[in-house]
Every structure is written in structure tokens, then in C-alpha cells.
>>> print(open('final_6.txt').read())   # compact mmCIF, C-alpha atoms and all ligand atoms
# COMPACT_ATOMS: atom_id res chain seq x y z
CA MET Q 453 -24.70 -1.80 15.78
CA LYS Q 454 -24.05 -3.07 12.30
CA ARG Q 455 -20.41 -2.03 11.98
CA LEU Q 456 -17.66 -2.54 14.53
CA ILE Q 457 -14.34 -0.86 13.78
CA LEU Q 458 -11.14 -2.02 15.45
CA PHE Q 459 -8.43 0.58 15.86
CA GLY Q 460 -4.94 0.17 17.21
CA ALA Q 461 -1.26 0.37 16.35
CA PRO Q 462 0.38 -2.35 14.27
CA GLY Q 463 0.67 -5.39 16.56
CA SER Q 464 -2.11 -4.25 18.88
CA GLY Q 465 -4.12 -7.39 18.06
CA LYS Q 466 -6.79 -6.09 15.68
CA GLY Q 467 -6.55 -9.14 13.43
CA THR Q 468 -6.60 -11.67 16.25
CA MET Q 469 -9.50 -9.91 18.02
CA GLY Q 470 -11.35 -9.57 14.71
CA ASP Q 471 -11.13 -13.35 14.19
CA LEU Q 472 -12.52 -14.06 17.67
CA ILE Q 473 -15.32 -11.51 17.28
CA GLN Q 474 -16.20 -12.93 13.88
CA ARG Q 475 -16.48 -16.40 15.43
CA ASP Q 476 -18.60 -15.44 18.44
CA PHE Q 477 -20.69 -12.50 17.29
CA HIS Q 478 -21.55 -13.63 13.75
CA LEU Q 479 -20.04 -10.53 12.26
CA VAL Q 480 -18.09 -10.87 9.02
CA LYS Q 481 -14.48 -9.72 9.37
CA ILE Q 482 -13.29 -7.31 6.71
CA SER Q 483 -9.54 -6.80 6.77
CA THR Q 484 -8.16 -4.52 4.07
CA GLY Q 485 -4.70 -5.96 4.74
CA ASP Q 486 -6.01 -9.48 3.99
CA ILE Q 487 -7.84 -8.24 0.88
CA LEU Q 488 -4.67 -6.56 -0.37
CA ARG Q 489 -2.43 -9.54 0.43
CA SER Q 490 -4.77 -11.83 -1.44
CA ALA Q 491 -4.78 -9.42 -4.42
CA ILE Q 492 -0.98 -9.59 -4.42
CA GLN Q 493 -1.02 -13.36 -4.24
CA GLN Q 494 -3.46 -13.55 -7.15
CA ASP Q 495 -1.35 -11.01 -9.04
CA THR Q 496 -4.31 -8.76 -9.87
CA ALA Q 497 -3.85 -5.18 -11.14
CA GLU Q 498 -4.76 -3.90 -7.63
CA GLY Q 499 -2.24 -6.24 -6.05
CA ARG Q 500 0.51 -5.10 -8.38
CA ARG Q 501 -0.23 -1.45 -7.53
CA ALA Q 502 -0.34 -2.09 -3.78
CA ARG Q 503 2.70 -4.29 -3.34
CA ALA Q 504 5.54 -1.77 -2.99
CA PHE Q 505 3.54 0.45 -0.62
CA MET Q 506 2.82 -2.50 1.64
CA GLU Q 507 6.32 -3.93 1.68
CA SER Q 508 7.82 -0.60 2.72
CA GLY Q 509 5.28 -0.16 5.52
CA GLY Q 510 3.53 2.77 3.83
CA LEU Q 511 -0.16 3.15 3.10
CA VAL Q 512 -1.74 2.01 -0.14
CA PRO Q 513 -3.34 5.04 -1.86
CA ASP Q 514 -6.81 5.95 -0.57
CA LYS Q 515 -8.48 5.69 -3.96
CA LEU Q 516 -7.51 2.05 -4.39
CA VAL Q 517 -8.38 0.98 -0.84
CA ILE Q 518 -11.70 2.85 -0.82
CA GLU Q 519 -12.70 1.15 -4.06
CA LEU Q 520 -11.82 -2.30 -2.66
CA VAL Q 521 -13.91 -1.59 0.45
CA ARG Q 522 -16.81 -0.30 -1.61
CA LEU Q 523 -16.76 -3.52 -3.64
CA ARG Q 524 -16.55 -5.68 -0.52
CA LEU Q 525 -19.46 -3.90 1.18
CA SER Q 526 -21.64 -4.24 -1.91
CA ARG Q 527 -21.42 -8.03 -1.97
CA GLY Q 528 -24.65 -8.44 -0.01
CA ASP Q 529 -23.44 -10.95 2.61
CA LEU Q 530 -23.19 -8.59 5.60
CA ASN Q 531 -26.70 -8.52 6.95
CA GLY Q 532 -25.73 -9.58 10.44
CA GLY Q 533 -23.07 -6.87 10.49
CA TYR Q 534 -19.31 -6.69 10.06
CA VAL Q 535 -16.11 -5.99 11.93
CA MET Q 536 -13.46 -3.90 10.22
CA ASP Q 537 -9.77 -4.56 10.86
CA GLY Q 538 -7.36 -2.03 9.37
CA TYR Q 539 -9.86 0.33 7.80
CA PRO Q 540 -10.29 3.32 7.94
CA ARG Q 541 -6.66 4.40 8.32
CA THR Q 542 -6.98 7.98 6.99
CA LEU Q 543 -9.56 10.72 7.38
CA ALA Q 544 -10.41 10.45 3.67
CA GLN Q 545 -11.15 6.74 4.16
CA ALA Q 546 -13.36 7.49 7.17
CA GLN Q 547 -15.34 10.05 5.21
CA ALA Q 548 -15.70 7.66 2.27
CA LEU Q 549 -16.90 4.92 4.59
CA SER Q 550 -19.75 7.00 5.97
CA LEU Q 551 -20.83 7.80 2.41
CA ILE Q 552 -20.59 4.21 1.17
CA ALA Q 553 -22.54 2.71 4.08
CA SER Q 554 -24.17 4.80 6.81
CA ASP Q 555 -24.48 1.79 9.14
CA SER Q 556 -24.79 2.29 12.88
CA GLU Q 557 -21.34 1.82 14.31
CA LYS Q 558 -19.12 1.34 17.31
CA ALA Q 559 -15.35 1.57 17.44
CA VAL Q 560 -12.88 -0.03 19.82
CA PHE Q 561 -9.38 1.37 20.25
CA ILE Q 562 -7.00 -1.37 21.41
CA GLU Q 563 -4.20 0.39 23.30
CA VAL Q 564 -0.86 -1.33 23.75
CA MET Q 565 2.67 -0.25 24.60
CA GLU Q 566 4.82 0.10 21.49
CA ALA Q 567 7.54 -2.25 22.80
CA GLU Q 568 5.00 -5.04 23.34
CA ALA Q 569 3.44 -4.50 19.89
CA VAL Q 570 6.84 -4.55 18.15
CA ALA Q 571 7.85 -7.75 19.94
CA ARG Q 572 4.61 -9.39 18.79
CA LEU Q 573 5.13 -8.33 15.16
CA LEU Q 574 8.70 -9.56 15.04
CA SER Q 575 7.64 -13.02 16.20
CA ARG Q 576 4.37 -13.15 14.27
CA LEU Q 577 3.63 -15.82 11.68
CA THR Q 578 0.73 -15.62 9.25
CA CYS Q 579 -0.96 -18.18 7.01
CA SER Q 580 -0.41 -17.08 3.43
CA ASP Q 581 -3.70 -18.73 2.38
CA CYS Q 582 -6.33 -17.94 5.04
CA GLY Q 583 -4.59 -15.18 7.00
CA ALA Q 584 -4.72 -17.03 10.35
CA ILE Q 585 -2.34 -15.45 12.85
CA TYR Q 586 0.27 -17.36 14.86
CA ASN Q 587 3.24 -16.42 17.00
CA GLN Q 588 6.59 -18.21 17.03
CA LEU Q 589 6.82 -17.92 20.80
CA THR Q 590 3.31 -17.93 22.20
CA LYS Q 591 1.17 -19.70 19.58
CA PRO Q 592 3.13 -21.68 16.98
CA PRO Q 593 1.19 -23.81 14.48
CA GLN Q 594 0.95 -27.46 15.55
CA LYS Q 595 3.03 -28.53 12.55
CA ASP Q 596 5.96 -26.33 11.67
CA GLY Q 597 5.12 -24.03 8.74
CA ILE Q 598 1.61 -25.47 8.18
CA CYS Q 599 -1.66 -23.76 9.08
CA ASP Q 600 -3.78 -25.65 11.67
CA ILE Q 601 -6.95 -24.39 9.99
CA CYS Q 602 -6.46 -24.67 6.22
CA ARG Q 603 -3.09 -26.51 5.89
CA GLY Q 604 -1.76 -23.47 3.97
CA ARG Q 605 1.82 -22.20 4.28
CA VAL Q 606 2.61 -20.29 7.48
CA VAL Q 607 5.19 -17.56 6.87
CA ARG Q 608 6.59 -14.27 8.16
CA ARG Q 609 4.79 -11.33 6.53
CA THR Q 610 7.14 -9.39 4.26
CA ASP Q 611 6.29 -6.20 6.20
CA ASP Q 612 7.03 -7.71 9.63
CA THR Q 613 10.66 -6.61 9.38
CA GLU Q 614 12.24 -4.07 11.74
CA GLU Q 615 12.46 -1.41 9.06
CA ALA Q 616 8.90 -1.77 7.74
CA VAL Q 617 7.54 -2.00 11.29
CA ARG Q 618 9.21 1.33 12.17
CA GLN Q 619 7.63 2.94 9.12
CA ARG Q 620 4.21 1.42 9.94
CA PHE Q 621 4.33 3.01 13.40
CA ARG Q 622 5.25 6.39 11.91
CA VAL Q 623 2.38 6.20 9.44
CA TYR Q 624 0.01 5.08 12.18
CA ALA Q 625 0.88 8.08 14.36
CA GLU Q 626 0.63 10.59 11.52
CA ARG Q 627 -2.31 9.31 9.49
CA THR Q 628 -4.43 7.04 11.69
CA MET Q 629 -4.29 8.70 15.14
CA PRO Q 630 -6.34 11.63 13.76
CA VAL Q 631 -8.97 9.13 12.58
CA ILE Q 632 -9.19 7.63 16.07
CA GLU Q 633 -9.62 11.11 17.53
CA TYR Q 634 -12.36 11.77 14.99
CA TYR Q 635 -14.28 8.67 16.17
CA GLY Q 636 -13.75 9.83 19.73
CA ARG Q 637 -15.43 13.12 18.90
CA LYS Q 638 -18.30 11.18 17.27
CA ASN Q 639 -18.82 9.51 20.69
CA VAL Q 640 -18.72 5.97 19.33
CA LEU Q 641 -15.24 5.05 20.57
CA ALA Q 642 -14.37 2.82 23.52
CA ARG Q 643 -10.79 2.28 24.69
CA VAL Q 644 -9.48 -1.06 25.85
CA ASP Q 645 -6.19 -2.17 27.39
CA GLY Q 646 -4.61 -4.42 24.74
CA GLY Q 647 -1.67 -5.58 26.83
CA GLY Q 648 -1.13 -9.24 27.79
CA ALA Q 649 -2.46 -12.51 26.44
CA ALA Q 650 -5.02 -12.56 23.62
CA ALA Q 651 -7.61 -14.39 25.75
CA GLN Q 652 -7.47 -11.65 28.39
CA VAL Q 653 -7.71 -8.83 25.88
CA TYR Q 654 -10.65 -10.56 24.24
CA LEU Q 655 -12.52 -10.78 27.55
CA ARG Q 656 -12.12 -7.02 27.97
CA ILE Q 657 -13.40 -6.37 24.44
CA LYS Q 658 -16.33 -8.75 24.84
CA GLY Q 659 -17.38 -6.80 27.90
CA LEU Q 660 -17.56 -3.68 25.77
CA ILE Q 661 -19.43 -4.96 22.76
CA ALA Q 662 -21.71 -7.71 24.10
P1 LIG U 1 -2.54 -4.81 8.03
O1 LIG U 1 -2.74 -6.22 7.59
O2 LIG U 1 -3.80 -4.15 8.50
O3 LIG U 1 -1.40 -4.66 9.01
O4 LIG U 1 -2.09 -4.00 6.73
C1 LIG U 1 -0.87 -4.29 6.08
C2 LIG U 1 -0.55 -3.21 5.07
O5 LIG U 1 -1.57 -3.13 4.08
C3 LIG U 1 -0.47 -1.80 5.64
O6 LIG U 1 0.80 -1.51 6.22
C4 LIG U 1 -0.72 -0.97 4.39
O7 LIG U 1 0.40 -0.95 3.55
C5 LIG U 1 -1.80 -1.80 3.69
N1 LIG U 1 -3.16 -1.41 4.14
C6 LIG U 1 -4.04 -2.17 4.83
N2 LIG U 1 -5.17 -1.48 5.09
C7 LIG U 1 -4.99 -0.25 4.54
C8 LIG U 1 -5.78 0.93 4.48
N3 LIG U 1 -6.98 0.98 5.06
N4 LIG U 1 -5.26 1.99 3.84
C9 LIG U 1 -4.05 1.97 3.26
N5 LIG U 1 -3.24 0.90 3.30
C10 LIG U 1 -3.70 -0.22 3.93
>>> encode(input="final_6.txt", output="C-alpha cells")
Amino acid sequence: MKRLILFGAPGSGKGTMGDLIQRDFHLVKISTGDILRSAIQQDTAEGRRARAFMESGGLVPDKLVIELVRLRLSRGDLNGGYVMDGYPRTLAQAQALSLIASDSEKAVFIEVMEAEAVARLLSRLTCSDCGAIYNQLTKPPQKDGICDICRGRVVRRTDDTEEAVRQRFRVYAERTMPVIEYYGRKNVLARVDGGGAAAQVYLRIKGLIA
């Protein structure tokens, strides 16, 4: 396997699991959400186009996201393989991915009850510099508002509001569930119970991909 794709609803733990997998399996994590947030922070043309879509909980247009992924995959630093968090989210993105890079792949679908995922999102904190993920209740940063890893600013994401979260779930059901079914039909998809503490979920995932 060269490419591991993490699927799951918002708040299912894709980002957190991607970080752990990156650390232990020497795969490079590619998160389109992180790429887009950093484009917004740097005020690039792509960031300016993406911003309103993201803040409302909608999807950024395929053309823009596909181009960002194509650029990222062409950088030549992925020889050991990569783990994708948040891409592909539409069938057009999945088709583009197989054309850009026909790497051997596995996909993991992290399944979690919506109520648990929403509760996680509404208490989530994120480092605005390195993207590290915290939780107000279960995993606060050691120093209030400051990232343990890079000392960056730890904040609430602007799309972790009740309204944007509701829209993100709608979009997930309509646009991304068909992509997950498509990977199921390709016979490369494993399902994992994403409920409970991150360490437990990670053990289940490790068992699938080791
Ligand atoms: P995430 O960090 O994966 O939760 O993504 C945050 C937001 O970025 C999403 O709600 C979308 O607005 C946008 N986004 C991230 N990845 C994609 C993608 N593959 N396609 C379209 N929009 C995306």
C-alpha cells in the first residue's frame, strides 16, 4: 500500500488518527483541510476563493481542491507513502485522484455516532499554525491557548459552530457517502468503530493497517 485514505463524518477522528498513523507508519499526512486553512492564513488566491465555502460548512469547488492535491502529490517527498485525511470528498475528486496517482491503496471508514461526533467538534480546539488537534474537555493544551508542539495559537475553528457543523454533516451524507460506497465496491475499504477514546480507536485502526 502506498496510499491510505481515511473516511468518516466530521468529528469521526480522521485528523487525529492521521497524525498518529503519520508518526508510527512513516506515511506523510495530506489533509486538504489543513492545506486550505494554511492558504487562507497566508491570504493566497486559493485561500481567498476557499474561505466562504469553508466557513459555511460547504465544500470548496472540486477544481480548486483537485489542483491543490495534484500539486501536493507532485512534490516528490512521498516515497514511503501517504495518508489522506479529508480527500476525496466527491466522486469527481476520487476519479481525479486515480488519474493523478494510480498508487496501490487502502481505505478505512471510521464510523461514529453523529451525537458523539458533534460533541467532539463543539469542544475541539485546533492549533492555527501546525493544525494539532486538542479538545477542551478531554485533551486541553498544557498552557491555555498555546500549542504544546509548536507554541502556536490554539483556537476554535471558524467552522466548528453548530450551524456550520450541521451543514458539514448534510454535505457529508450527500456528497461523500457515495464516495465511501464506491471504495467499498472497489474492495479496498475496511470499517472501524470510531467510538470512544482516541487511543482505543487507534488500536483498532492499527490492527487493520499494520
Ligand atoms: P476538514 O479539515 O477536513 O474538516 O475540512 C474543513 C473544510 O475544508 C471542509 O468543510 C470543506 O469546506 C473544506 N475541504 C476540505 N477538504 C475538502 C475537499 N476534499 N473537497 C472540498 N472541500 C474540502
>>> residues_around(input="final_6.txt", residues="Pro513 in chain Q", least_positions_apart="2", cutoff="12 Å", atoms="all atoms listed in the file", output="count of residues only")
20
>>> residues_around(input="final_6.txt", residues="Leu479 in chain Q", least_positions_apart="3", cutoff="7 Å", atoms="all atoms listed in the file", output="PyMOL selection string")
chain Q and resi 473-474+532-535
>>> residues_around(input="final_6.txt", residues="Asp529 in chain Q", least_positions_apart="4", cutoff="12 Å", atoms="all atoms listed in the file", output="number ranges by chain")
Q: 478-482, 523-525, 533-534
>>> write_last_selection(input="final_6.txt", atoms="C-alpha atoms", output="PDB file, keeping the file's coordinate frame")
ATOM      1  CA  HIS Q 478     -21.550 -13.630  13.750  1.00  0.00           C
ATOM      2  CA  LEU Q 479     -20.040 -10.530  12.260  1.00  0.00           C
ATOM      3  CA  VAL Q 480     -18.090 -10.870   9.020  1.00  0.00           C
ATOM      4  CA  LYS Q 481     -14.480  -9.720   9.370  1.00  0.00           C
ATOM      5  CA  ILE Q 482     -13.290  -7.310   6.710  1.00  0.00           C
ATOM      6  CA  LEU Q 523     -16.760  -3.520  -3.640  1.00  0.00           C
ATOM      7  CA  ARG Q 524     -16.550  -5.680  -0.520  1.00  0.00           C
ATOM      8  CA  LEU Q 525     -19.460  -3.900   1.180  1.00  0.00           C
ATOM      9  CA  GLY Q 533     -23.070  -6.870  10.490  1.00  0.00           C
ATOM     10  CA  TYR Q 534     -19.310  -6.690  10.060  1.00  0.00           C
TER      11      TYR Q 534
END
>>> residues_near_ligand(input="final_6.txt", ligand="ligand LIG 1 (chain U)", cutoff="10 Å", atoms="all atoms listed in the file", output="JSON, numbers by chain")
{"Q": [459, 460, 461, 462, 463, 464, 465, 466, 467, 483, 484, 485, 486, 487, 488, 489, 502, 503, 504, 505, 506, 507, 508, 509, 510, 511, 512, 513, 514, 515, 516, 517, 518, 520, 521, 536, 537, 538, 539, 540, 541, 542, 544, 545, 546, 573, 583, 609, 610, 611, 612, 616, 617, 619, 620, 621, 623, 624, 627, 628]}
>>> atom_distance(input="final_6.txt", atom1="CA of Arg605 in chain Q", atom2="CA of Arg572 in chain Q")
19.6 Å
>>> closest_residue(input="final_6.txt", among="Q:Arg656, Q:Gly648, Q:Ile585, Q:Cys579", to="Ser490 in chain Q", atoms="all atoms listed in the file")
Q:Cys579
>>> atom_distance(input="final_6.txt", atom1="CA of Glu614 in chain Q", atom2="CA of Ile657 in chain Q")
28.7 Å
>>> residues_around(input="final_6.txt", residues="Ala651 in chain Q", least_positions_apart="6", cutoff="10 Å", atoms="only C-alpha atoms", output="list in words")
Thr468, Met469, Leu472 and Ile657 of chain Q
>>> closest_residue(input="final_6.txt", among="Q:Met453, Q:Gly636, Q:Arg527, Q:Val606", to="Gln594 in chain Q", atoms="all atoms listed in the file")
Q:Val606
>>> closest_residue(input="final_6.txt", among="Q:Glu568, Q:Asp596, Q:Glu563, Q:Glu557", to="Val640 in chain Q", atoms="all atoms listed in the file")
Q:Glu557
>>> closest_residue(input="final_6.txt", among="Q:Gly647, Q:Glu566, Q:Tyr654, Q:Ile632", to="Arg618 in chain Q", atoms="all atoms listed in the file")
Q:Glu566
>>> closest_residue(input="final_6.txt", among="Q:Ala548, Q:Leu577, Q:Val570, Q:Val560", to="Thr590 in chain Q", atoms="only C-alpha atoms")
Q:Leu577
>>> residues_around(input="final_6.txt", residues="Gly597 in chain Q", least_positions_apart="5", cutoff="12 Å", atoms="all atoms listed in the file", output="PyMOL selection string")
chain Q and resi 577-580+586-588+592+602-608
>>> axis_aligned_box(input="final_6.txt", around="range 590-596 of chain Q", padding_each_side="6 Å", output="AutoDock Vina command-line options")
--center_x 3.5 --center_y -23.2 --center_z 16.9 --size_x 17.0 --size_y 22.6 --size_z 22.5
>>> closest_residue(input="final_6.txt", among="Q:Leu660, Q:Met565, Q:Leu543, Q:Ala649", to="Glu626 in chain Q", atoms="only C-alpha atoms")
Q:Leu543
>>> atom_distance(input="final_6.txt", atom1="CA of Arg522 in chain Q", atom2="CA of Asp471 in chain Q")
21.3 Å
>>> build_atoms(input="final_6.txt", residues="range 472-483 of chain Q", atoms="all heavy atoms", output="short mmCIF file (atom, residue, chain, number, x, y, z; two decimals), in the frame of the given file")
data_model
loop_
_atom_site.label_atom_id
_atom_site.label_comp_id
_atom_site.auth_asym_id
_atom_site.auth_seq_id
_atom_site.Cartn_x
_atom_site.Cartn_y
_atom_site.Cartn_z
N LEU Q 472 -11.72 -13.55 16.55
CA LEU Q 472 -12.52 -14.06 17.67
C LEU Q 472 -13.93 -13.46 17.65
O LEU Q 472 -14.93 -14.15 17.88
CB LEU Q 472 -11.82 -13.74 19.01
CG LEU Q 472 -10.46 -14.43 19.19
CD1 LEU Q 472 -9.71 -13.87 20.39
CD2 LEU Q 472 -10.67 -15.94 19.37
N ILE Q 473 -14.01 -12.18 17.33
CA ILE Q 473 -15.32 -11.51 17.28
C ILE Q 473 -16.16 -12.10 16.14
O ILE Q 473 -17.34 -12.37 16.30
CB ILE Q 473 -15.12 -9.99 17.08
CG1 ILE Q 473 -14.48 -9.39 18.34
CG2 ILE Q 473 -16.44 -9.29 16.77
CD1 ILE Q 473 -13.94 -7.97 18.15
N GLN Q 474 -15.49 -12.34 15.02
CA GLN Q 474 -16.20 -12.93 13.88
C GLN Q 474 -16.81 -14.29 14.28
O GLN Q 474 -17.96 -14.59 13.98
CB GLN Q 474 -15.23 -13.11 12.72
CG GLN Q 474 -15.65 -14.09 11.66
CD GLN Q 474 -14.86 -13.93 10.37
OE1 GLN Q 474 -15.26 -13.22 9.47
NE2 GLN Q 474 -13.73 -14.61 10.29
N ARG Q 475 -16.03 -15.06 15.02
CA ARG Q 475 -16.48 -16.40 15.43
C ARG Q 475 -17.67 -16.32 16.38
O ARG Q 475 -18.65 -17.04 16.22
CB ARG Q 475 -15.29 -17.10 16.11
CG ARG Q 475 -15.56 -18.53 16.53
CD ARG Q 475 -14.48 -19.03 17.46
NE ARG Q 475 -14.51 -18.35 18.76
CZ ARG Q 475 -13.58 -18.47 19.70
NH1 ARG Q 475 -12.51 -19.21 19.47
NH2 ARG Q 475 -13.67 -17.84 20.85
N ASP Q 476 -17.60 -15.43 17.36
CA ASP Q 476 -18.60 -15.44 18.44
C ASP Q 476 -19.79 -14.52 18.20
O ASP Q 476 -20.84 -14.73 18.78
CB ASP Q 476 -17.94 -15.01 19.76
CG ASP Q 476 -16.92 -16.02 20.22
OD1 ASP Q 476 -16.92 -17.15 19.69
OD2 ASP Q 476 -16.12 -15.69 21.11
N PHE Q 477 -19.61 -13.49 17.42
CA PHE Q 477 -20.69 -12.50 17.29
C PHE Q 477 -21.36 -12.54 15.91
O PHE Q 477 -22.20 -11.71 15.60
CB PHE Q 477 -20.16 -11.09 17.57
CG PHE Q 477 -19.83 -10.85 19.01
CD1 PHE Q 477 -18.59 -11.22 19.52
CD2 PHE Q 477 -20.76 -10.30 19.88
CE1 PHE Q 477 -18.28 -11.02 20.86
CE2 PHE Q 477 -20.46 -10.09 21.21
CZ PHE Q 477 -19.22 -10.45 21.71
N HIS Q 478 -20.97 -13.49 15.09
CA HIS Q 478 -21.55 -13.63 13.75
C HIS Q 478 -21.45 -12.35 12.95
O HIS Q 478 -22.37 -11.97 12.23
CB HIS Q 478 -23.01 -14.10 13.85
CG HIS Q 478 -23.11 -15.36 14.65
ND1 HIS Q 478 -22.62 -16.57 14.21
CD2 HIS Q 478 -23.59 -15.59 15.89
CE1 HIS Q 478 -22.79 -17.47 15.14
NE2 HIS Q 478 -23.39 -16.91 16.17
N LEU Q 479 -20.33 -11.68 13.12
CA LEU Q 479 -20.04 -10.53 12.26
C LEU Q 479 -19.01 -11.01 11.23
O LEU Q 479 -18.18 -11.86 11.54
CB LEU Q 479 -19.43 -9.37 13.07
CG LEU Q 479 -20.28 -8.82 14.22
CD1 LEU Q 479 -19.50 -7.74 14.98
CD2 LEU Q 479 -21.58 -8.24 13.71
N VAL Q 480 -19.07 -10.49 10.04
CA VAL Q 480 -18.09 -10.87 9.02
C VAL Q 480 -16.86 -9.97 9.17
O VAL Q 480 -17.01 -8.75 9.24
CB VAL Q 480 -18.68 -10.69 7.61
CG1 VAL Q 480 -17.64 -11.00 6.54
CG2 VAL Q 480 -19.91 -11.59 7.43
N LYS Q 481 -15.68 -10.56 9.25
CA LYS Q 481 -14.48 -9.72 9.37
C LYS Q 481 -14.05 -9.20 8.00
O LYS Q 481 -13.93 -9.98 7.05
CB LYS Q 481 -13.33 -10.51 9.99
CG LYS Q 481 -12.10 -9.62 10.21
CD LYS Q 481 -10.99 -10.31 10.97
CE LYS Q 481 -9.92 -10.82 10.04
NZ LYS Q 481 -8.63 -11.06 10.70
N ILE Q 482 -13.83 -7.91 7.93
CA ILE Q 482 -13.29 -7.31 6.71
C ILE Q 482 -11.94 -6.69 7.05
O ILE Q 482 -11.87 -5.72 7.80
CB ILE Q 482 -14.25 -6.24 6.15
CG1 ILE Q 482 -15.59 -6.89 5.79
CG2 ILE Q 482 -13.63 -5.57 4.92
CD1 ILE Q 482 -16.61 -5.93 5.22
N SER Q 483 -10.89 -7.30 6.53
CA SER Q 483 -9.54 -6.80 6.77
C SER Q 483 -8.98 -6.32 5.44
O SER Q 483 -8.80 -7.12 4.51
CB SER Q 483 -8.67 -7.94 7.33
OG SER Q 483 -7.31 -7.71 7.02
#
